[in-house]
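J.: What follows is work-v6.csv, made up of CSV, C-alpha atoms:
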chain,number,residue,atom,x,y,z
G,1,MET,CA,0.0,0.0,0.0
G,2,THR,CA,1.4,3.3,-1.0
G,3,GLN,CA,1.8,6.2,1.4
G,4,THR,CA,-1.1,8.1,-0.2
G,5,GLU,CA,-3.4,5.1,0.1
G,6,GLU,CA,-2.4,4.7,3.8
G,7,LYS,CA,-3.2,8.4,4.4
G,8,LYS,CA,-6.6,8.0,2.7
G,9,THR,CA,-7.4,4.9,4.8
G,10,GLY,CA,-6.4,6.7,8.0
G,11,ASN,CA,-8.5,9.7,7.1
G,12,GLY,CA,-11.4,7.5,6.3
G,13,THR,CA,-11.1,5.7,9.7
G,14,LYS,CA,-10.9,9.1,11.5
G,15,PHE,CA,-14.0,10.3,9.7
G,16,LYS,CA,-16.0,7.2,10.7
G,17,LYS,CA,-14.9,7.6,14.3
G,18,VAL,CA,-16.0,11.3,14.3
G,19,ARG,CA,-19.2,10.5,12.6
G,20,SER,CA,-19.9,7.7,15.1
G,21,ILE,CA,-19.2,10.1,18.0
G,22,LEU,CA,-21.5,12.8,16.5
G,23,LEU,CA,-24.3,10.3,16.0
G,24,LYS,CA,-24.0,9.1,19.5
G,25,ILE,CA,-24.1,12.7,20.8
G,26,ILE,CA,-27.1,13.6,18.6
G,27,GLY,CA,-28.8,10.4,19.8
G,28,ALA,CA,-28.1,11.2,23.4
G,29,ILE,CA,-29.5,14.7,23.0
G,30,VAL,CA,-32.7,13.3,21.3
G,31,ILE,CA,-33.1,10.8,24.1
G,32,ALA,CA,-32.6,13.6,26.7
G,33,ILE,CA,-35.2,15.8,25.0
G,34,VAL,CA,-37.7,13.0,24.8
G,35,LEU,CA,-37.1,12.1,28.5
G,36,PHE,CA,-37.4,15.7,29.5
G,37,LEU,CA,-40.7,16.2,27.6
G,38,GLY,CA,-42.0,12.9,29.0
G,39,ILE,CA,-41.2,14.0,32.6
G,40,VAL,CA,-42.8,17.4,32.0
G,41,TYR,CA,-46.0,15.7,30.6
G,42,ILE,CA,-46.3,13.2,33.4
G,43,THR,CA,-45.6,15.8,36.0
G,44,ASN,CA,-48.4,18.0,34.6
G,45,VAL,CA,-50.9,15.1,34.5
G,46,ILE,CA,-50.1,14.1,38.1
G,47,SER,CA,-50.1,17.7,39.4
G,48,THR,CA,-53.4,18.4,37.6
G,49,ASN,CA,-55.1,15.4,39.2
G,50,SER,CA,-53.7,16.2,42.6
G,51,GLU,CA,-54.7,19.9,42.4
G,52,GLN,CA,-58.2,19.0,41.2
G,53,LYS,CA,-58.9,17.5,44.6
G,54,ARG,CA,-57.5,20.5,46.5
G,55,ILE,CA,-59.5,23.2,44.6
G,56,GLU,CA,-62.2,24.5,47.0
G,57,PRO,CA,-65.6,25.4,45.5
G,58,TYR,CA,-66.9,29.0,45.7
G,59,GLY,CA,-70.0,30.7,44.4
G,60,GLN,CA,-72.9,28.8,43.0
G,61,HIS,CA,-73.6,27.0,39.7
G,62,VAL,CA,-76.3,28.3,37.4
G,63,SER,CA,-77.7,26.1,34.5
G,64,VAL,CA,-77.1,27.7,31.1
G,65,ASP,CA,-77.5,25.7,27.9
G,66,GLY,CA,-77.4,22.6,30.0
G,67,LYS,CA,-74.0,23.4,31.4
G,68,ASN,CA,-72.9,24.9,34.8
G,69,MET,CA,-71.8,28.5,34.9
G,70,ASN,CA,-70.2,29.5,38.2
G,71,VAL,CA,-71.3,32.8,39.8
G,72,LEU,CA,-70.1,34.3,43.0
G,73,ILE,CA,-72.6,36.7,44.9
G,74,GLN,CA,-71.4,38.8,47.8
G,75,GLY,CA,-73.1,41.6,49.6
G,76,GLU,CA,-76.7,42.6,50.1
G,77,GLY,CA,-76.9,46.2,48.9
G,78,GLU,CA,-80.0,47.5,47.2
G,79,GLU,CA,-78.0,48.2,44.0
G,80,THR,CA,-76.3,45.3,42.1
G,81,ILE,CA,-73.0,45.3,40.3
G,82,VAL,CA,-72.3,42.5,37.7
G,83,LEU,CA,-68.5,41.9,37.2
G,84,LEU,CA,-67.2,40.5,33.9
G,85,PRO,CA,-63.5,39.4,33.5
G,86,GLY,CA,-60.9,40.2,30.9
G,87,PHE,CA,-59.8,37.6,28.4
G,88,GLY,CA,-57.8,34.7,29.8
G,89,THR,CA,-58.3,35.7,33.5
G,90,ALA,CA,-58.4,32.1,34.7
G,91,THR,CA,-60.2,32.6,38.0
G,92,PRO,CA,-62.5,35.7,37.7
G,93,ALA,CA,-64.3,35.6,41.0
G,94,LEU,CA,-61.0,35.2,42.9
G,95,ASP,CA,-59.1,37.7,40.7
G,96,PHE,CA,-61.8,40.3,41.6
G,97,LYS,CA,-61.7,39.4,45.3
G,98,LEU,CA,-60.0,42.6,46.5
G,99,LEU,CA,-62.4,44.8,44.6
G,100,ILE,CA,-65.4,42.7,45.6
G,101,ASP,CA,-64.5,43.0,49.3
G,102,GLU,CA,-64.5,46.8,48.9
G,103,LEU,CA,-67.8,47.0,47.0
G,104,SER,CA,-69.8,44.4,48.8
G,105,PRO,CA,-70.5,46.4,52.0
G,106,PHE,CA,-72.5,48.8,49.7
G,107,TYR,CA,-73.6,46.7,46.8
G,108,LYS,CA,-74.8,43.3,45.9
G,109,VAL,CA,-71.8,42.1,43.8
G,110,VAL,CA,-72.2,39.4,41.2
G,111,ALA,CA,-69.0,38.0,39.7
G,112,VAL,CA,-69.8,35.9,36.6
G,113,GLU,CA,-67.3,33.3,35.4
G,114,PRO,CA,-68.1,32.7,31.7
G,115,PHE,CA,-67.8,29.2,30.2
G,116,GLY,CA,-64.2,28.1,30.2
G,117,TYR,CA,-63.3,30.3,33.2
G,118,GLY,CA,-62.8,29.6,36.9
G,119,LEU,CA,-65.2,26.8,38.1
G,120,SER,CA,-67.5,27.0,35.1
G,121,ASP,CA,-67.9,24.2,32.6
G,122,GLY,CA,-66.3,24.5,29.1
G,123,THR,CA,-68.4,24.6,26.0
G,124,GLU,CA,-68.2,23.6,22.3
G,125,LYS,CA,-70.3,26.6,21.3
G,126,GLU,CA,-68.3,29.2,19.3
G,127,ARG,CA,-67.0,32.1,21.5
G,128,THR,CA,-68.6,34.9,19.5
G,129,THR,CA,-69.7,38.0,21.3
G,130,GLU,CA,-73.3,37.1,20.7
G,131,ASN,CA,-73.0,33.7,22.4
G,132,ILE,CA,-70.9,35.0,25.3
G,133,VAL,CA,-73.3,37.9,26.0
G,134,GLY,CA,-76.4,35.7,25.6
G,135,GLU,CA,-75.0,33.2,28.1
G,136,VAL,CA,-74.1,35.8,30.7
G,137,HIS,CA,-77.6,37.3,30.4
G,138,GLU,CA,-79.2,33.9,30.7
G,139,ALA,CA,-77.3,33.3,33.9
G,140,LEU,CA,-78.5,36.6,35.4
G,141,GLN,CA,-82.0,35.8,34.4
G,142,GLN,CA,-81.8,32.4,36.1
G,143,LEU,CA,-80.8,34.4,39.3
G,144,ASN,CA,-83.6,36.9,38.9
G,145,ILE,CA,-81.1,39.7,38.5
G,146,ASN,CA,-82.8,42.2,36.2
G,147,ARG,CA,-81.4,45.6,37.1
G,148,TYR,CA,-77.7,46.2,37.6
G,149,MET,CA,-74.5,48.2,36.9
G,150,LEU,CA,-72.2,46.3,34.4
G,151,MET,CA,-68.5,46.5,35.4
G,152,GLY,CA,-65.9,44.8,33.2
G,153,HIS,CA,-62.2,44.4,32.8
G,154,SER,CA,-60.3,44.5,29.5
G,155,ILE,CA,-62.2,42.6,26.7
G,156,ALA,CA,-65.4,43.0,28.7
G,157,GLY,CA,-65.4,46.5,27.1
G,158,ILE,CA,-66.2,44.8,23.8
G,159,TYR,CA,-68.7,42.3,25.3
G,160,GLY,CA,-70.1,45.1,27.5
G,161,ILE,CA,-70.9,47.5,24.7
G,162,ASP,CA,-72.7,44.8,22.8
G,163,TYR,CA,-74.5,43.7,26.0
G,164,VAL,CA,-75.7,47.3,26.7
G,165,SER,CA,-77.0,47.6,23.1
G,166,LYS,CA,-79.1,44.4,23.6
G,167,TYR,CA,-80.3,44.9,27.2
G,168,ARG,CA,-80.2,48.7,27.8
G,169,ASN,CA,-83.4,48.5,29.9
G,170,GLU,CA,-81.6,46.4,32.5
G,171,VAL,CA,-78.2,48.1,32.7
G,172,THR,CA,-78.0,51.2,34.9
G,173,ALA,CA,-74.4,52.1,34.1
G,174,PHE,CA,-71.2,50.7,32.6
G,175,VAL,CA,-67.9,50.8,34.4
G,176,GLY,CA,-64.7,49.8,32.6
G,177,ILE,CA,-61.5,48.7,34.3
G,178,ASP,CA,-58.9,49.4,31.6
G,179,SER,CA,-61.6,48.1,29.2
G,180,SER,CA,-61.0,47.4,25.5
G,181,VAL,CA,-62.2,49.9,22.9
G,182,PRO,CA,-63.7,48.6,19.6
G,183,THR,CA,-61.4,50.9,17.6
G,184,GLN,CA,-58.1,50.2,19.3
G,185,PRO,CA,-55.3,49.2,16.9
G,186,GLY,CA,-53.6,45.8,16.6
G,187,MET,CA,-56.6,43.5,17.2
G,188,ASP,CA,-56.6,42.0,13.7
G,189,VAL,CA,-53.4,39.9,14.2
G,190,LYS,CA,-53.5,36.1,13.9
G,191,LEU,CA,-52.7,34.4,17.2
G,192,PRO,CA,-50.6,31.1,17.5
G,193,ILE,CA,-53.5,29.1,18.8
G,194,LYS,CA,-52.1,25.7,17.8
G,195,LYS,CA,-48.8,26.4,19.6
G,196,LEU,CA,-50.6,27.5,22.7
G,197,GLU,CA,-52.7,24.4,22.6
G,198,LEU,CA,-49.6,22.3,22.4
G,199,LEU,CA,-48.0,24.2,25.3
G,200,LYS,CA,-51.0,23.4,27.4
G,201,LYS,CA,-51.3,19.7,26.6
G,202,SER,CA,-47.6,19.0,26.8
G,203,GLY,CA,-47.3,20.5,30.3
G,204,LEU,CA,-44.7,23.1,29.1
G,205,LEU,CA,-47.2,25.9,30.0
G,206,ARG,CA,-47.2,24.8,33.6
G,207,MET,CA,-43.4,24.7,33.7
G,208,MET,CA,-43.2,28.1,32.1
G,209,MET,CA,-45.7,29.5,34.6
G,210,LYS,CA,-43.8,28.0,37.5
G,211,LEU,CA,-40.5,29.4,36.3
G,212,GLY,CA,-41.9,32.8,35.4
G,213,ALA,CA,-42.4,35.7,37.8
G,214,ASP,CA,-45.1,35.3,40.4
G,215,PRO,CA,-48.0,37.5,39.2
G,216,TYR,CA,-49.4,37.8,42.7
G,217,ALA,CA,-46.1,38.8,44.4
G,218,SER,CA,-46.5,42.0,46.5
G,219,LEU,CA,-50.3,42.1,46.0
G,220,ALA,CA,-52.8,42.1,48.9
G,221,PHE,CA,-54.2,38.6,48.2
G,222,ASP,CA,-54.0,36.2,51.2
G,223,ASP,CA,-51.9,33.1,50.7
G,224,LYS,CA,-54.8,30.7,50.5
G,225,THR,CA,-56.5,32.7,47.7
G,226,VAL,CA,-53.2,32.9,45.8
G,227,GLU,CA,-52.8,29.1,46.1
G,228,GLN,CA,-56.3,28.5,44.8
G,229,MET,CA,-55.8,31.0,41.9
G,230,LYS,CA,-52.6,29.3,40.8
G,231,MET,CA,-54.2,25.8,40.9
G,232,ILE,CA,-57.2,26.9,38.9
G,233,SER,CA,-55.0,28.7,36.5
G,234,TYR,CA,-53.0,25.6,35.8
G,235,LYS,CA,-56.2,23.8,35.1
G,236,SER,CA,-58.0,26.5,33.0
G,237,MET,CA,-55.2,28.3,31.1
G,238,ASN,CA,-55.5,27.7,27.3
G,239,ASN,CA,-58.3,25.2,27.6
G,240,ASP,CA,-60.3,24.5,24.4
G,241,THR,CA,-63.0,27.1,25.3
G,242,ILE,CA,-60.6,29.9,25.9
G,243,LEU,CA,-58.6,29.1,22.8
G,244,ASN,CA,-61.8,29.2,20.8
G,245,GLU,CA,-62.5,32.6,22.2
G,246,MET,CA,-59.0,33.7,21.3
G,247,GLY,CA,-59.7,32.6,17.7
G,248,HIS,CA,-62.7,35.0,17.7
G,249,ILE,CA,-61.0,38.0,19.2
G,250,SER,CA,-60.4,39.7,15.8
G,251,SER,CA,-63.9,39.1,14.5
G,252,ASN,CA,-65.5,40.1,17.8
G,253,PHE,CA,-63.6,43.5,17.8
G,254,LYS,CA,-64.6,44.0,14.1
G,255,GLY,CA,-68.2,43.3,15.0
G,256,ALA,CA,-68.2,46.0,17.7
G,257,HIS,CA,-66.4,48.5,15.6
G,258,ASP,CA,-69.4,50.7,15.0
G,259,LEU,CA,-71.0,50.3,18.4
G,260,THR,CA,-71.1,53.1,20.9
G,261,PHE,CA,-72.5,53.4,24.4
G,262,PRO,CA,-75.9,55.1,24.7
G,263,LYS,CA,-75.6,58.8,25.5
G,264,ASP,CA,-77.9,58.6,28.4
G,265,LEU,CA,-76.0,55.7,30.1
G,266,PRO,CA,-73.7,56.7,33.0
G,267,LEU,CA,-70.3,55.7,31.8
G,268,LEU,CA,-67.2,55.5,34.1
G,269,LEU,CA,-63.9,54.4,32.6
G,270,PHE,CA,-60.8,53.6,34.8
G,271,VAL,CA,-57.8,53.8,32.4
G,272,GLN,CA,-54.2,52.8,32.8
G,273,ALA,CA,-52.2,56.0,32.6
G,274,ASN,CA,-49.0,54.5,31.2
G,275,ASN,CA,-50.0,52.1,28.4
G,276,GLU,CA,-46.8,51.9,26.4
G,277,GLY,CA,-48.3,49.6,23.8
G,278,ILE,CA,-51.0,51.9,22.6
G,279,LYS,CA,-50.1,55.6,22.8
G,280,GLU,CA,-53.6,56.8,22.1
G,281,TRP,CA,-55.1,54.6,24.9
G,282,ILE,CA,-56.4,57.5,27.0
G,283,PRO,CA,-57.8,59.5,24.0
G,284,LEU,CA,-59.6,56.4,22.8
G,285,HIS,CA,-61.4,56.2,26.1
G,286,GLU,CA,-62.1,59.9,26.2
G,287,GLY,CA,-63.7,59.5,22.8
G,288,GLN,CA,-66.1,56.9,24.3
G,289,VAL,CA,-67.4,59.3,27.0
G,290,LYS,CA,-67.4,62.6,25.1
G,291,ASP,CA,-71.0,62.4,24.1
G,292,SER,CA,-72.2,60.9,27.4
G,293,VAL,CA,-74.6,62.9,29.4
G,294,HIS,CA,-72.8,61.5,32.5
G,295,GLY,CA,-69.4,60.2,31.5
G,296,LYS,CA,-66.0,60.3,33.1
G,297,VAL,CA,-62.5,58.9,32.5
G,298,ILE,CA,-60.2,58.4,35.5
G,299,THR,CA,-56.5,57.6,34.8
G,300,MET,CA,-54.6,55.5,37.2
G,301,ASP,CA,-51.0,54.4,37.5
G,302,GLY,CA,-50.7,50.7,37.5
G,303,SER,CA,-50.8,47.5,35.4
G,304,HIS,CA,-53.6,46.5,33.1
G,305,TYR,CA,-55.1,44.7,36.1
G,306,LEU,CA,-55.9,48.0,37.9
G,307,HIS,CA,-58.2,46.2,40.3
G,308,HIS,CA,-55.2,44.3,41.8
G,309,THR,CA,-53.7,47.5,43.3
G,310,LYS,CA,-56.3,50.3,42.9
G,311,PHE,CA,-59.3,48.4,44.3
G,312,LYS,CA,-60.0,50.9,47.1
G,313,GLU,CA,-59.8,53.9,44.7
G,314,ILE,CA,-62.0,52.1,42.2
G,315,ALA,CA,-64.7,51.3,44.8
G,316,GLU,CA,-64.7,54.9,46.2
G,317,ASN,CA,-64.9,56.5,42.7
G,318,VAL,CA,-67.8,54.1,41.7
G,319,ARG,CA,-69.8,55.1,44.7
G,320,ALA,CA,-69.2,58.8,44.2
G,321,PHE,CA,-69.9,58.6,40.5
G,322,MET,CA,-73.2,56.8,40.9
G,323,LYS,CA,-74.4,59.3,43.5
G,324,GLU,CA,-73.7,62.1,41.0
G,325,ALA,CA,-75.5,60.2,38.3
G,326,LYS,CA,-78.7,60.0,40.2
Write the structure described by the file as structure tokens, please.

T.:
Amino acid sequence: MTQTEEKKTGNGTKFKKVRSILLKIIGAIVIAIVLFLGIVYITNVISTNSEQKRIEPYGQHVSVDGKNMNVLIQGEGEETIVLLPGFGTATPALDFKLLIDELSPFYKVVAVEPFGYGLSDGTEKERTTENIVGEVHEALQQLNINRYMLMGHSIAGIYGIDYVSKYRNEVTAFVGIDSSVPTQPGMDVKLPIKKLELLKKSGLLRMMMKLGADPYASLAFDDKTVEQMKMISYKSMNNDTILNEMGHISSNFKGAHDLTFPKDLPLLLFVQANNEGIKEWIPLHEGQVKDSVHGKVITMDGSHYLHHTKFKEIAENVRAFMKEAK
């Protein structure tokens, strides 16, 4: 064998060794990933089953479309406030707890958990504004609640404006907590619903939530409430009903585009003062109240969830506003 042939043979042997090592490394990485995903999935299943037994019921079930909708009622005031959550708020009645505690000495407060949220059942019915509004109204009818102030957070501004247009004779006022506006920009984007569904089913969503910042840190919630909210969040986040609602966000905003609140309806809007995502956030809300006979915008420093930190101020301003509106 010539020197050249020996060199080629040696190089070939080295290449085979390197290739073999690389294949082993790649195989080990693949096995590690599969094992990791398997552990994450199994942990999620076990944790979900365990937490399901530790979730404590609250509120009461109301039959709507043959399913159970959970509603929490607190307080015995002559006037009633109906609370509606923002999109994706996993445990509405508990999320509103700090505000409910401030309002309930003066009002009868009714926190509705739409299908897919909190302790309510899920549903296969499309999450259009029409269906969501109709279901909430049916729940209130079942409870013989026929006259009330409607108060809603975030996307409840879209459902609320439609609700008022349908049931104006029942609603005494609308109060928005950093509520959505039909004409706000950026609501026509396509959302990665399939990816979010995969995150939920694989258990990766739970892991991300556990590793992420605690959303309740430094807030006034007691430890037991925080524990319950977290367990229900793991259960409810990105469920099929909420993902269906996500898929309808763009069309629901489009459907509300030309709707306005009635001029004679008292309209109070609490608005985040420092919304960096939408520069015209405050003017958009000012535009909603400009033609109201009794309308007011109150800006507040805080996160989108203003009721987590400004619950006392919100309750005080609601009471003062409604006294002025009479």

J.: What does the structure give for the distance between atom CA of G:Arg168 and atom CA of G:Val181, in Å to one decimal?

T.: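 That distance, rounded to one decimal, is 18.7 Å.
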
J.: Could you check the closest approach to G:Ser250 for each of G:Ile278, G:Ala217, G:Ile73, G:Val189 and tell me which residue wins, using all atoms listed in the file?

T.: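 Using all atoms listed in the file, the shortest distance to G:Ser250 belongs to G:Val189.
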
J.: Which residue out of G:Tyr58, G:Tyr41, G:Phe36, G:Phe87 has the minimum interatomic distance to G:Leu205 when all atoms listed in the file are used?

T.: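 Among the listed residues, G:Tyr41 lies closest to G:Leu205.
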
J.: Using all atoms listed in the file, give me every residue within 8 Å of (-63.0, 56.6, 39.7) in file coordinates, as a list of chain:residue names.

T.: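 Protein and nucleic acid residues near the point are G:Leu268, G:Leu269, G:Phe270, G:Val297, G:Ile298, G:Glu313, G:Ile314, G:Ala315, G:Glu316, G:Asn317, G:Val318, G:Ala320, G:Phe321.
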
J.: If you measure from atom CA of G:Ile81 to atom CA of G:Ser218, what distance in Å do you get, rounded to one decimal?

T.: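 Interatomic distance, atom CA of G:Ile81 to atom CA of G:Ser218: 27.4 Å.
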
J.: Point out the residue among G:Ala173, G:Leu284, G:Leu265, G:Leu99 with the least atom-to-atom distance to G:Arg147, counting all atoms listed in the file.

T.: G:Ala173

J.: Name the residues in contact with G:Ser50 at a cut-off of 12 Å, using only C-alpha atoms, excluding same-chain residues fewer than 3 positions from it; report them as a PyMOL selection string.

T.: chain G and resi 43-47+53-55+231-232+234-235

J.: List the spatial neighbours of stretch 127-133 of chain G as a list in words - criterion: any atom at most 7 Å away, all atoms listed in the file, same-chain residues fewer than 4 positions off excluded.

T.: His137, Tyr159, Tyr163, Asn244, Glu245, His248 and Asn252 of chain G

J.: Of the candidates G:Gly186, G:Val110, G:Leu119, G:Leu37, which one gets nearest to G:Leu199 if we count all atoms listed in the file?

T.: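 Using all atoms listed in the file, the shortest distance to G:Leu199 belongs to G:Leu37.
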
J.: Around (-64.8, 47.6, 15.7) in the file's frame, which residues reach within 9 Å when counting all atoms listed in the file? Return as a PDB file with C-alpha atoms, keeping the file's coordinate frame?

T.:
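Written file, out-v6.pdb:
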ATOM      1  CA  ILE G 158     -66.200  44.800  23.800  1.00  0.00           C
ATOM      2  CA  VAL G 181     -62.200  49.900  22.900  1.00  0.00           C
ATOM      3  CA  PRO G 182     -63.700  48.600  19.600  1.00  0.00           C
ATOM      4  CA  THR G 183     -61.400  50.900  17.600  1.00  0.00           C
ATOM      5  CA  GLN G 184     -58.100  50.200  19.300  1.00  0.00           C
ATOM      6  CA  SER G 251     -63.900  39.100  14.500  1.00  0.00           C
ATOM      7  CA  ASN G 252     -65.500  40.100  17.800  1.00  0.00           C
ATOM      8  CA  PHE G 253     -63.600  43.500  17.800  1.00  0.00           C
ATOM      9  CA  LYS G 254     -64.600  44.000  14.100  1.00  0.00           C
ATOM     10  CA  GLY G 255     -68.200  43.300  15.000  1.00  0.00           C
ATOM     11  CA  ALA G 256     -68.200  46.000  17.700  1.00  0.00           C
ATOM     12  CA  HIS G 257     -66.400  48.500  15.600  1.00  0.00           C
ATOM     13  CA  ASP G 258     -69.400  50.700  15.000  1.00  0.00           C
ATOM     14  CA  LEU G 259     -71.000  50.300  18.400  1.00  0.00           C
TER      15      LEU G 259
END

J.: Write out as a list in words the residues lying within 7 Å of G:Gln60, counting all atoms listed in the file and excluding same-chain residues fewer than 4 positions away.

T.: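 Near G:Gln60, the qualifying residues are Asn70, Val71 and Leu72 of chain G.
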
J.: Could you work out how far atom CA of G:Leu98 lies from atom CA of G:Asp223, giving the answer in Å with one decimal?

T.: 13.2 Å

J.: Fewer than 2 positions away in the same chain doesn't count, so skip those; otherwise give me all residues within 7 Å of G:His294, counting all atoms listed in the file, as a list in words.

T.: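 Once the nearby chain positions are removed, what remains is Pro266, Leu267, Ser292, Lys296 and Ala325 of chain G.
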
J.: Write out, as a short mmCIF file (atom, residue, chain, number, x, y, z; two decimals), in the frame of the given file, the residues just selected, with C-alpha atoms.

T.:
data_model
loop_
_atom_site.label_atom_id
_atom_site.label_comp_id
_atom_site.auth_asym_id
_atom_site.auth_seq_id
_atom_site.Cartn_x
_atom_site.Cartn_y
_atom_site.Cartn_z
CA PRO G 266 -73.70 56.70 33.00
CA LEU G 267 -70.30 55.70 31.80
CA SER G 292 -72.20 60.90 27.40
CA LYS G 296 -66.00 60.30 33.10
CA ALA G 325 -75.50 60.20 38.30
#

J.: Of the candidates G:Ser20, G:Lys67, G:Gly27, G:Phe96, which one gets nearest to G:Glu124 if we count all atoms listed in the file?

T.: G:Lys67
